Amino acid sequence: MAPAGLRGRAAPARRRGRRIALSLLAAALLLGANACGGRATTHHKPGTSHEQATGSNGRLLTADDGSGHRLRQVDAQDAPEVDLAVRPDSEDGWNVHLTVRNFRFTPDSVGGAALLGRGHARLFLDDHPLARVYGTWFHLPESLLSASGGGTRLTARLYADDHTAWAVDAAPVQATATLGGATSTPTPTRTPDATVEISVRDGKVSPAPGRTEVKKGRTVRLQVRSDRADTLHVHGYDKEARLPAGRTVTLTFTADRTGLFEVETHESDLLLTQLVVR
């Protein structure tokens, strides 16, 4: 047995040793939790809404899709796309097939941040919410159609994980098909005309020059406002318009030629935007 003096000095040392051991154990458990089975998540922080999620892809608009979900606008060049086809099921209802591009379904991240090219779809029957879809195939039973009040126009619309609706030119990314006979064919939604709003102040262009994709044959509306007198010019189409200082001028034309076309000012030699016509 150790002398009493030694035992008294050893007790604090043992307590310090136990505290150090407990600290090391807690650190090991924390590292193990992060290393084993953990995965990155896009889910938003507790106490925040879906639309306050951390994803910053696209621009959140004040407008919504007609069902209460705000639009998240992205450039047409990188935007998700969807086609919709329906055919009668041999036993009951309809089989719905979604063909998507620049998009993948992420059911494990619903409620998370808005990441470009990810999310889910929703089905609407004559503009009434019908179902949420997490894959390319969906069986639509007659009982669900009846419970929804019936209808013939089926719409598939793409959403981000935070439940905002993907949009191009302030229009939701969607496709529509008509429920009818076995020969029912899909009818894609009309690609909207392109309206581009640009302002020039103190030699700076807002928003910063980018690219706007337009379907051939659609109408392009350039709405430009400059703080100094200038001339608006669309290369390739040879369209021009005077820009009086402090006034908004609208230049409208049909995009009947394919290619990449620059829009600029003559006097100040500023690039305003680029039009991609396909």
# chains A, B, ... in the order shown; residues from 1 in each chain; ligands from 1
>>> residues_around(residues="A:Leu125", least_positions_apart="4", cutoff="12 Å", atoms="only C-alpha atoms", output="mmCIF file with N, CA, C and O atoms, in the first residue's frame")
data_model
loop_
_atom_site.group_PDB
_atom_site.id
_atom_site.type_symbol
_atom_site.label_atom_id
_atom_site.label_comp_id
_atom_site.auth_asym_id
_atom_site.auth_seq_id
_atom_site.Cartn_x
_atom_site.Cartn_y
_atom_site.Cartn_z
ATOM 1 N N PRO A 129 -54.541 19.826 -58.674
ATOM 2 C CA PRO A 129 -53.472 18.925 -58.225
ATOM 3 C C PRO A 129 -53.966 17.480 -58.134
ATOM 4 O O PRO A 129 -55.051 17.205 -57.627
ATOM 5 N N LEU A 130 -53.125 16.564 -58.647
ATOM 6 C CA LEU A 130 -53.527 15.168 -58.722
ATOM 7 C C LEU A 130 -52.579 14.256 -57.939
ATOM 8 O O LEU A 130 -53.014 13.458 -57.116
ATOM 9 N N ALA A 131 -51.278 14.357 -58.193
ATOM 10 C CA ALA A 131 -50.322 13.453 -57.549
ATOM 11 C C ALA A 131 -48.915 14.017 -57.685
ATOM 12 O O ALA A 131 -48.634 14.837 -58.566
ATOM 13 N N LEU A 140 -52.081 5.815 -63.139
ATOM 14 C CA LEU A 140 -53.174 6.703 -62.764
ATOM 15 C C LEU A 140 -54.478 5.904 -62.785
ATOM 16 O O LEU A 140 -55.059 5.684 -63.844
ATOM 17 N N LEU A 144 -58.670 7.453 -58.753
ATOM 18 C CA LEU A 144 -58.056 8.756 -58.489
ATOM 19 C C LEU A 144 -58.640 9.823 -59.408
ATOM 20 O O LEU A 144 -58.877 10.958 -58.984
ATOM 21 N N LEU A 145 -58.902 9.460 -60.660
ATOM 22 C CA LEU A 145 -59.528 10.400 -61.588
ATOM 23 C C LEU A 145 -60.919 10.797 -61.098
ATOM 24 O O LEU A 145 -61.279 11.981 -61.106
ATOM 25 N N SER A 146 -61.690 9.812 -60.634
ATOM 26 C CA SER A 146 -63.042 10.088 -60.157
ATOM 27 C C SER A 146 -63.013 10.949 -58.898
ATOM 28 O O SER A 146 -63.800 11.889 -58.744
ATOM 29 N N ALA A 147 -62.078 10.628 -57.992
ATOM 30 C CA ALA A 147 -61.978 11.391 -56.749
ATOM 31 C C ALA A 147 -61.577 12.832 -57.007
ATOM 32 O O ALA A 147 -61.871 13.728 -56.202
ATOM 33 N N SER A 148 -60.908 13.068 -58.134
ATOM 34 C CA SER A 148 -60.462 14.424 -58.478
ATOM 35 C C SER A 148 -61.508 15.192 -59.269
ATOM 36 O O SER A 148 -61.256 16.328 -59.691
ATOM 37 N N GLY A 149 -62.663 14.581 -59.497
ATOM 38 C CA GLY A 149 -63.722 15.267 -60.221
ATOM 39 C C GLY A 149 -63.699 15.025 -61.706
ATOM 40 O O GLY A 149 -64.515 15.585 -62.449
ATOM 41 N N GLY A 150 -62.766 14.187 -62.181
ATOM 42 C CA GLY A 150 -62.700 13.901 -63.609
ATOM 43 C C GLY A 150 -62.021 15.009 -64.383
ATOM 44 O O GLY A 150 -61.715 16.083 -63.863
ATOM 45 N N GLY A 151 -61.767 14.760 -65.634
ATOM 46 C CA GLY A 151 -61.103 15.726 -66.500
ATOM 47 C C GLY A 151 -60.400 15.001 -67.629
ATOM 48 O O GLY A 151 -60.316 13.771 -67.648
ATOM 49 N N THR A 152 -59.867 15.760 -68.566
ATOM 50 C CA THR A 152 -59.198 15.156 -69.727
ATOM 51 C C THR A 152 -57.797 15.694 -69.964
ATOM 52 O O THR A 152 -57.005 15.054 -70.652
ATOM 53 N N ARG A 153 -57.468 16.864 -69.420
ATOM 54 C CA ARG A 153 -56.160 17.474 -69.696
ATOM 55 C C ARG A 153 -55.206 17.187 -68.544
ATOM 56 O O ARG A 153 -55.343 17.705 -67.445
ATOM 57 N N LEU A 154 -54.202 16.358 -68.815
ATOM 58 C CA LEU A 154 -53.228 15.966 -67.808
ATOM 59 C C LEU A 154 -51.938 16.747 -68.036
ATOM 60 O O LEU A 154 -51.402 16.772 -69.140
ATOM 61 N N THR A 155 -51.430 17.370 -66.982
ATOM 62 C CA THR A 155 -50.210 18.171 -67.069
ATOM 63 C C THR A 155 -49.170 17.632 -66.100
ATOM 64 O O THR A 155 -49.482 17.345 -64.941
ATOM 65 N N ALA A 156 -47.939 17.488 -66.584
ATOM 66 C CA ALA A 156 -46.797 17.119 -65.743
ATOM 67 C C ALA A 156 -45.886 18.330 -65.639
ATOM 68 O O ALA A 156 -45.476 18.897 -66.656
ATOM 69 N N ARG A 157 -45.562 18.731 -64.411
ATOM 70 C CA ARG A 157 -44.757 19.940 -64.170
ATOM 71 C C ARG A 157 -43.572 19.578 -63.284
ATOM 72 O O ARG A 157 -43.707 18.781 -62.354
ATOM 73 N N THR A 176 -48.186 18.620 -71.490
ATOM 74 C CA THR A 176 -49.597 18.281 -71.325
ATOM 75 C C THR A 176 -50.011 17.219 -72.335
ATOM 76 O O THR A 176 -49.559 17.230 -73.483
ATOM 77 N N ALA A 177 -50.831 16.292 -71.888
ATOM 78 C CA ALA A 177 -51.412 15.266 -72.761
ATOM 79 C C ALA A 177 -52.904 15.183 -72.486
ATOM 80 O O ALA A 177 -53.372 15.559 -71.403
ATOM 81 N N THR A 178 -53.647 14.695 -73.464
ATOM 82 C CA THR A 178 -55.096 14.588 -73.332
ATOM 83 C C THR A 178 -55.497 13.143 -73.080
ATOM 84 O O THR A 178 -55.085 12.245 -73.826
ATOM 85 N N LEU A 179 -56.278 12.925 -72.035
ATOM 86 C CA LEU A 179 -56.800 11.594 -71.752
ATOM 87 C C LEU A 179 -57.995 11.347 -72.661
ATOM 88 O O LEU A 179 -58.982 12.073 -72.612
#
>>> residues_around(residues="A:Pro80", least_positions_apart="3", cutoff="6 Å", atoms="only C-alpha atoms", output="PyMOL selection string")
chain A and resi 101-103+117
>>> write_last_selection(atoms="N, CA, C and O atoms", output="PDB file, in the first residue's frame")
ATOM      1  N   ARG A 101     -35.225  15.574 -69.627  1.00  0.00           N
ATOM      2  CA  ARG A 101     -33.882  15.914 -70.064  1.00  0.00           C
ATOM      3  C   ARG A 101     -33.328  16.991 -69.143  1.00  0.00           C
ATOM      4  O   ARG A 101     -34.066  17.841 -68.646  1.00  0.00           O
ATOM      5  N   ASN A 102     -32.021  16.948 -68.916  1.00  0.00           N
ATOM      6  CA  ASN A 102     -31.358  17.875 -67.983  1.00  0.00           C
ATOM      7  C   ASN A 102     -32.001  17.802 -66.595  1.00  0.00           C
ATOM      8  O   ASN A 102     -32.092  18.802 -65.892  1.00  0.00           O
ATOM      9  N   PHE A 103     -32.444  16.596 -66.224  1.00  0.00           N
ATOM     10  CA  PHE A 103     -33.203  16.458 -64.980  1.00  0.00           C
ATOM     11  C   PHE A 103     -33.136  15.019 -64.503  1.00  0.00           C
ATOM     12  O   PHE A 103     -33.091  14.094 -65.314  1.00  0.00           O
ATOM     13  N   GLY A 117     -31.468  20.779 -62.119  1.00  0.00           N
ATOM     14  CA  GLY A 117     -31.535  19.468 -62.733  1.00  0.00           C
ATOM     15  C   GLY A 117     -31.979  18.367 -61.796  1.00  0.00           C
ATOM     16  O   GLY A 117     -31.870  17.198 -62.143  1.00  0.00           O
TER      17      GLY A 117
END
>>> closest_residue(among="A:Leu116, A:Thr250, A:Arg228, A:Asp169", to="A:Ala63", atoms="only C-alpha atoms")
A:Asp169
>>> residues_around(residues="A:Tyr237", least_positions_apart="2", cutoff="10 Å", atoms="only C-alpha atoms", output="PyMOL selection string")
chain A and resi 233-235+239-240+253-257+261-263
>>> write_last_selection(atoms="N, CA and C atoms", output="PDB file, in the first residue's frame")
ATOM      1  N   HIS A 233     -28.968  47.666 -81.319  1.00  0.00           N
ATOM      2  CA  HIS A 233     -28.762  46.932 -82.566  1.00  0.00           C
ATOM      3  C   HIS A 233     -28.721  45.435 -82.304  1.00  0.00           C
ATOM      4  N   VAL A 234     -29.431  44.661 -83.150  1.00  0.00           N
ATOM      5  CA  VAL A 234     -29.424  43.200 -83.078  1.00  0.00           C
ATOM      6  C   VAL A 234     -28.682  42.683 -84.297  1.00  0.00           C
ATOM      7  N   HIS A 235     -27.477  42.144 -84.078  1.00  0.00           N
ATOM      8  CA  HIS A 235     -26.674  41.631 -85.177  1.00  0.00           C
ATOM      9  C   HIS A 235     -27.334  40.400 -85.794  1.00  0.00           C
ATOM     10  N   LYS A 239     -31.731  44.625 -86.923  1.00  0.00           N
ATOM     11  CA  LYS A 239     -32.804  45.372 -86.274  1.00  0.00           C
ATOM     12  C   LYS A 239     -32.188  46.454 -85.403  1.00  0.00           C
ATOM     13  N   GLU A 240     -32.709  47.679 -85.529  1.00  0.00           N
ATOM     14  CA  GLU A 240     -32.188  48.798 -84.752  1.00  0.00           C
ATOM     15  C   GLU A 240     -33.339  49.604 -84.171  1.00  0.00           C
ATOM     16  N   PHE A 253     -39.353  41.519 -82.783  1.00  0.00           N
ATOM     17  CA  PHE A 253     -39.123  40.882 -84.075  1.00  0.00           C
ATOM     18  C   PHE A 253     -39.316  39.373 -83.926  1.00  0.00           C
ATOM     19  N   THR A 254     -39.431  38.686 -85.062  1.00  0.00           N
ATOM     20  CA  THR A 254     -39.601  37.235 -85.079  1.00  0.00           C
ATOM     21  C   THR A 254     -38.255  36.564 -85.270  1.00  0.00           C
ATOM     22  N   ALA A 255     -37.959  35.599 -84.412  1.00  0.00           N
ATOM     23  CA  ALA A 255     -36.681  34.879 -84.497  1.00  0.00           C
ATOM     24  C   ALA A 255     -36.780  33.803 -85.574  1.00  0.00           C
ATOM     25  N   ASP A 256     -36.612  34.201 -86.838  1.00  0.00           N
ATOM     26  CA  ASP A 256     -36.788  33.275 -87.955  1.00  0.00           C
ATOM     27  C   ASP A 256     -35.465  32.763 -88.516  1.00  0.00           C
ATOM     28  N   ARG A 257     -34.365  33.065 -87.823  1.00  0.00           N
ATOM     29  CA  ARG A 257     -33.060  32.564 -88.231  1.00  0.00           C
ATOM     30  C   ARG A 257     -32.399  31.908 -87.034  1.00  0.00           C
ATOM     31  N   PHE A 261     -26.732  35.363 -81.861  1.00  0.00           N
ATOM     32  CA  PHE A 261     -26.819  36.759 -82.299  1.00  0.00           C
ATOM     33  C   PHE A 261     -26.598  37.689 -81.104  1.00  0.00           C
ATOM     34  N   GLU A 262     -25.702  38.656 -81.296  1.00  0.00           N
ATOM     35  CA  GLU A 262     -25.390  39.599 -80.228  1.00  0.00           C
ATOM     36  C   GLU A 262     -26.291  40.825 -80.303  1.00  0.00           C
ATOM     37  N   VAL A 263     -26.682  41.301 -79.137  1.00  0.00           N
ATOM     38  CA  VAL A 263     -27.465  42.530 -79.020  1.00  0.00           C
ATOM     39  C   VAL A 263     -26.587  43.543 -78.296  1.00  0.00           C
TER      40      VAL A 263
END
>>> closest_residue(among="A:Leu260, A:Ala229, A:Leu158, A:Leu275", to="A:Leu98", atoms="only C-alpha atoms")
A:Leu158
>>> select_by_dssp(residues="stretch 36-251 of chain A", states="helix (DSSP H, G or I)", output="PDB file with N, CA and C atoms, in the first residue's frame")
ATOM      1  N   HIS A  50     -39.352  25.855 -47.070  1.00  0.00           N
ATOM      2  CA  HIS A  50     -38.750  25.238 -48.246  1.00  0.00           C
ATOM      3  C   HIS A  50     -38.124  26.291 -49.142  1.00  0.00           C
ATOM      4  N   GLU A  51     -38.777  27.421 -49.308  1.00  0.00           N
ATOM      5  CA  GLU A  51     -38.298  28.446 -50.238  1.00  0.00           C
ATOM      6  C   GLU A  51     -37.123  29.228 -49.684  1.00  0.00           C
ATOM      7  N   GLN A  52     -36.763  28.979 -48.408  1.00  0.00           N
ATOM      8  CA  GLN A  52     -35.595  29.614 -47.829  1.00  0.00           C
ATOM      9  C   GLN A  52     -34.427  28.642 -47.778  1.00  0.00           C
ATOM     10  N   ALA A  76     -32.751  29.056 -70.356  1.00  0.00           N
ATOM     11  CA  ALA A  76     -33.276  27.975 -71.190  1.00  0.00           C
ATOM     12  C   ALA A  76     -32.203  26.976 -71.583  1.00  0.00           C
ATOM     13  N   GLN A  77     -30.964  27.439 -71.697  1.00  0.00           N
ATOM     14  CA  GLN A  77     -29.876  26.565 -72.155  1.00  0.00           C
ATOM     15  C   GLN A  77     -29.655  25.387 -71.204  1.00  0.00           C
ATOM     16  N   ASP A  78     -29.817  25.612 -69.902  1.00  0.00           N
ATOM     17  CA  ASP A  78     -29.567  24.559 -68.918  1.00  0.00           C
ATOM     18  C   ASP A  78     -30.844  24.072 -68.249  1.00  0.00           C
ATOM     19  N   PRO A 107     -35.969  11.572 -55.004  1.00  0.00           N
ATOM     20  CA  PRO A 107     -36.938  11.432 -53.921  1.00  0.00           C
ATOM     21  C   PRO A 107     -36.314  11.507 -52.540  1.00  0.00           C
ATOM     22  N   ASP A 108     -35.024  11.142 -52.402  1.00  0.00           N
ATOM     23  CA  ASP A 108     -34.394  11.165 -51.092  1.00  0.00           C
ATOM     24  C   ASP A 108     -34.014  12.566 -50.641  1.00  0.00           C
ATOM     25  N   SER A 109     -34.160  13.574 -51.519  1.00  0.00           N
ATOM     26  CA  SER A 109     -33.780  14.940 -51.165  1.00  0.00           C
ATOM     27  C   SER A 109     -34.962  15.903 -51.149  1.00  0.00           C
ATOM     28  N   GLU A 142     -58.484   4.816 -62.260  1.00  0.00           N
ATOM     29  CA  GLU A 142     -59.757   5.498 -62.469  1.00  0.00           C
ATOM     30  C   GLU A 142     -60.304   6.064 -61.159  1.00  0.00           C
ATOM     31  N   SER A 143     -60.028   5.381 -60.034  1.00  0.00           N
ATOM     32  CA  SER A 143     -60.523   5.860 -58.746  1.00  0.00           C
ATOM     33  C   SER A 143     -59.946   7.227 -58.410  1.00  0.00           C
ATOM     34  N   LEU A 144     -58.670   7.453 -58.753  1.00  0.00           N
ATOM     35  CA  LEU A 144     -58.056   8.756 -58.489  1.00  0.00           C
ATOM     36  C   LEU A 144     -58.640   9.823 -59.408  1.00  0.00           C
ATOM     37  N   LEU A 145     -58.902   9.460 -60.660  1.00  0.00           N
ATOM     38  CA  LEU A 145     -59.528  10.400 -61.588  1.00  0.00           C
ATOM     39  C   LEU A 145     -60.919  10.797 -61.098  1.00  0.00           C
ATOM     40  N   SER A 146     -61.690   9.812 -60.634  1.00  0.00           N
ATOM     41  CA  SER A 146     -63.042  10.088 -60.157  1.00  0.00           C
ATOM     42  C   SER A 146     -63.013  10.949 -58.898  1.00  0.00           C
ATOM     43  N   ALA A 147     -62.078  10.628 -57.992  1.00  0.00           N
ATOM     44  CA  ALA A 147     -61.978  11.391 -56.749  1.00  0.00           C
ATOM     45  C   ALA A 147     -61.577  12.832 -57.007  1.00  0.00           C
TER      46      ALA A 147
END
>>> select_by_dssp(residues="stretch 42-195 of chain A", states="strand (DSSP E or B)", output="MDAnalysis selection string")
chainID A and resid 43 59:64 70:73 81:88 94:101 104:105 112 118:125 128:133 137:140 153:159 165:168 171:172 174:178 186:188 194:195
>>> closest_residue(among="A:Gln223, A:Gln174, A:Asn57, A:Thr212", to="A:Leu84", atoms="only C-alpha atoms")
A:Gln174
>>> decode(residues="stretch 203-222 of chain A", atoms="N, CA, C and O atoms", output="CSV table (one decimal), in the first residue's frame")
chain,number,residue,atom,x,y,z
A,203,GLY,N,-22.8,53.2,-67.7
A,203,GLY,CA,-22.0,52.3,-68.5
A,203,GLY,C,-22.0,50.8,-68.1
A,203,GLY,O,-21.2,50.0,-68.6
A,204,LYS,N,-22.9,50.5,-67.2
A,204,LYS,CA,-23.1,49.1,-66.7
A,204,LYS,C,-24.4,48.5,-67.2
A,204,LYS,O,-25.4,49.2,-67.1
A,205,VAL,N,-24.4,47.3,-67.6
A,205,VAL,CA,-25.6,46.6,-68.1
A,205,VAL,C,-26.1,45.7,-67.0
A,205,VAL,O,-25.4,45.0,-66.3
A,206,SER,N,-27.4,45.8,-66.8
A,206,SER,CA,-28.1,45.0,-65.8
A,206,SER,C,-29.4,44.4,-66.4
A,206,SER,O,-30.2,45.1,-67.0
A,207,PRO,N,-29.6,43.0,-66.2
A,207,PRO,CA,-28.6,42.1,-65.6
A,207,PRO,C,-27.4,41.9,-66.4
A,207,PRO,O,-27.4,42.3,-67.6
A,208,ALA,N,-26.4,41.3,-65.9
A,208,ALA,CA,-25.1,41.1,-66.6
A,208,ALA,C,-25.4,40.4,-67.9
A,208,ALA,O,-26.2,39.5,-67.9
A,209,PRO,N,-24.7,40.7,-69.0
A,209,PRO,CA,-24.9,40.0,-70.3
A,209,PRO,C,-24.8,38.5,-70.2
A,209,PRO,O,-23.9,38.0,-69.6
A,210,GLY,N,-25.8,37.8,-70.7
A,210,GLY,CA,-25.9,36.4,-70.7
A,210,GLY,C,-26.4,35.9,-72.0
A,210,GLY,O,-26.4,36.6,-73.0
A,211,ARG,N,-27.0,34.7,-72.0
A,211,ARG,CA,-27.6,34.2,-73.2
A,211,ARG,C,-29.1,33.9,-72.9
A,211,ARG,O,-29.5,33.4,-71.9
A,212,THR,N,-29.9,34.2,-73.9
A,212,THR,CA,-31.3,33.9,-73.9
A,212,THR,C,-31.6,32.9,-75.0
A,212,THR,O,-31.4,33.2,-76.2
A,213,GLU,N,-32.2,31.7,-74.7
A,213,GLU,CA,-32.5,30.8,-75.8
A,213,GLU,C,-33.9,30.9,-76.3
A,213,GLU,O,-34.8,31.1,-75.4
A,214,VAL,N,-34.1,30.9,-77.6
A,214,VAL,CA,-35.4,31.2,-78.2
A,214,VAL,C,-35.6,30.1,-79.2
A,214,VAL,O,-34.7,29.8,-80.0
A,215,LYS,N,-36.9,29.6,-79.3
A,215,LYS,CA,-37.2,28.7,-80.3
A,215,LYS,C,-37.5,29.4,-81.6
A,215,LYS,O,-38.0,30.5,-81.6
A,216,LYS,N,-37.0,28.9,-82.7
A,216,LYS,CA,-37.2,29.5,-84.0
A,216,LYS,C,-38.7,29.7,-84.3
A,216,LYS,O,-39.5,28.8,-84.0
A,217,GLY,N,-39.0,30.9,-84.8
A,217,GLY,CA,-40.4,31.3,-85.1
A,217,GLY,C,-41.1,32.0,-84.0
A,217,GLY,O,-42.2,32.5,-84.2
A,218,ARG,N,-40.5,32.1,-82.8
A,218,ARG,CA,-41.1,32.8,-81.7
A,218,ARG,C,-40.8,34.3,-81.8
A,218,ARG,O,-39.9,34.7,-82.5
A,219,THR,N,-41.6,35.1,-81.0
A,219,THR,CA,-41.4,36.5,-81.0
A,219,THR,C,-40.4,36.9,-79.9
A,219,THR,O,-40.5,36.4,-78.8
A,220,VAL,N,-39.5,37.8,-80.2
A,220,VAL,CA,-38.6,38.3,-79.2
A,220,VAL,C,-38.9,39.8,-79.0
A,220,VAL,O,-39.1,40.5,-79.9
A,221,ARG,N,-39.0,40.1,-77.7
A,221,ARG,CA,-39.2,41.5,-77.3
A,221,ARG,C,-38.1,42.0,-76.4
A,221,ARG,O,-37.8,41.4,-75.3
A,222,LEU,N,-37.3,42.9,-76.9
A,222,LEU,CA,-36.2,43.5,-76.2
A,222,LEU,C,-36.7,44.8,-75.6
A,222,LEU,O,-37.1,45.8,-76.3
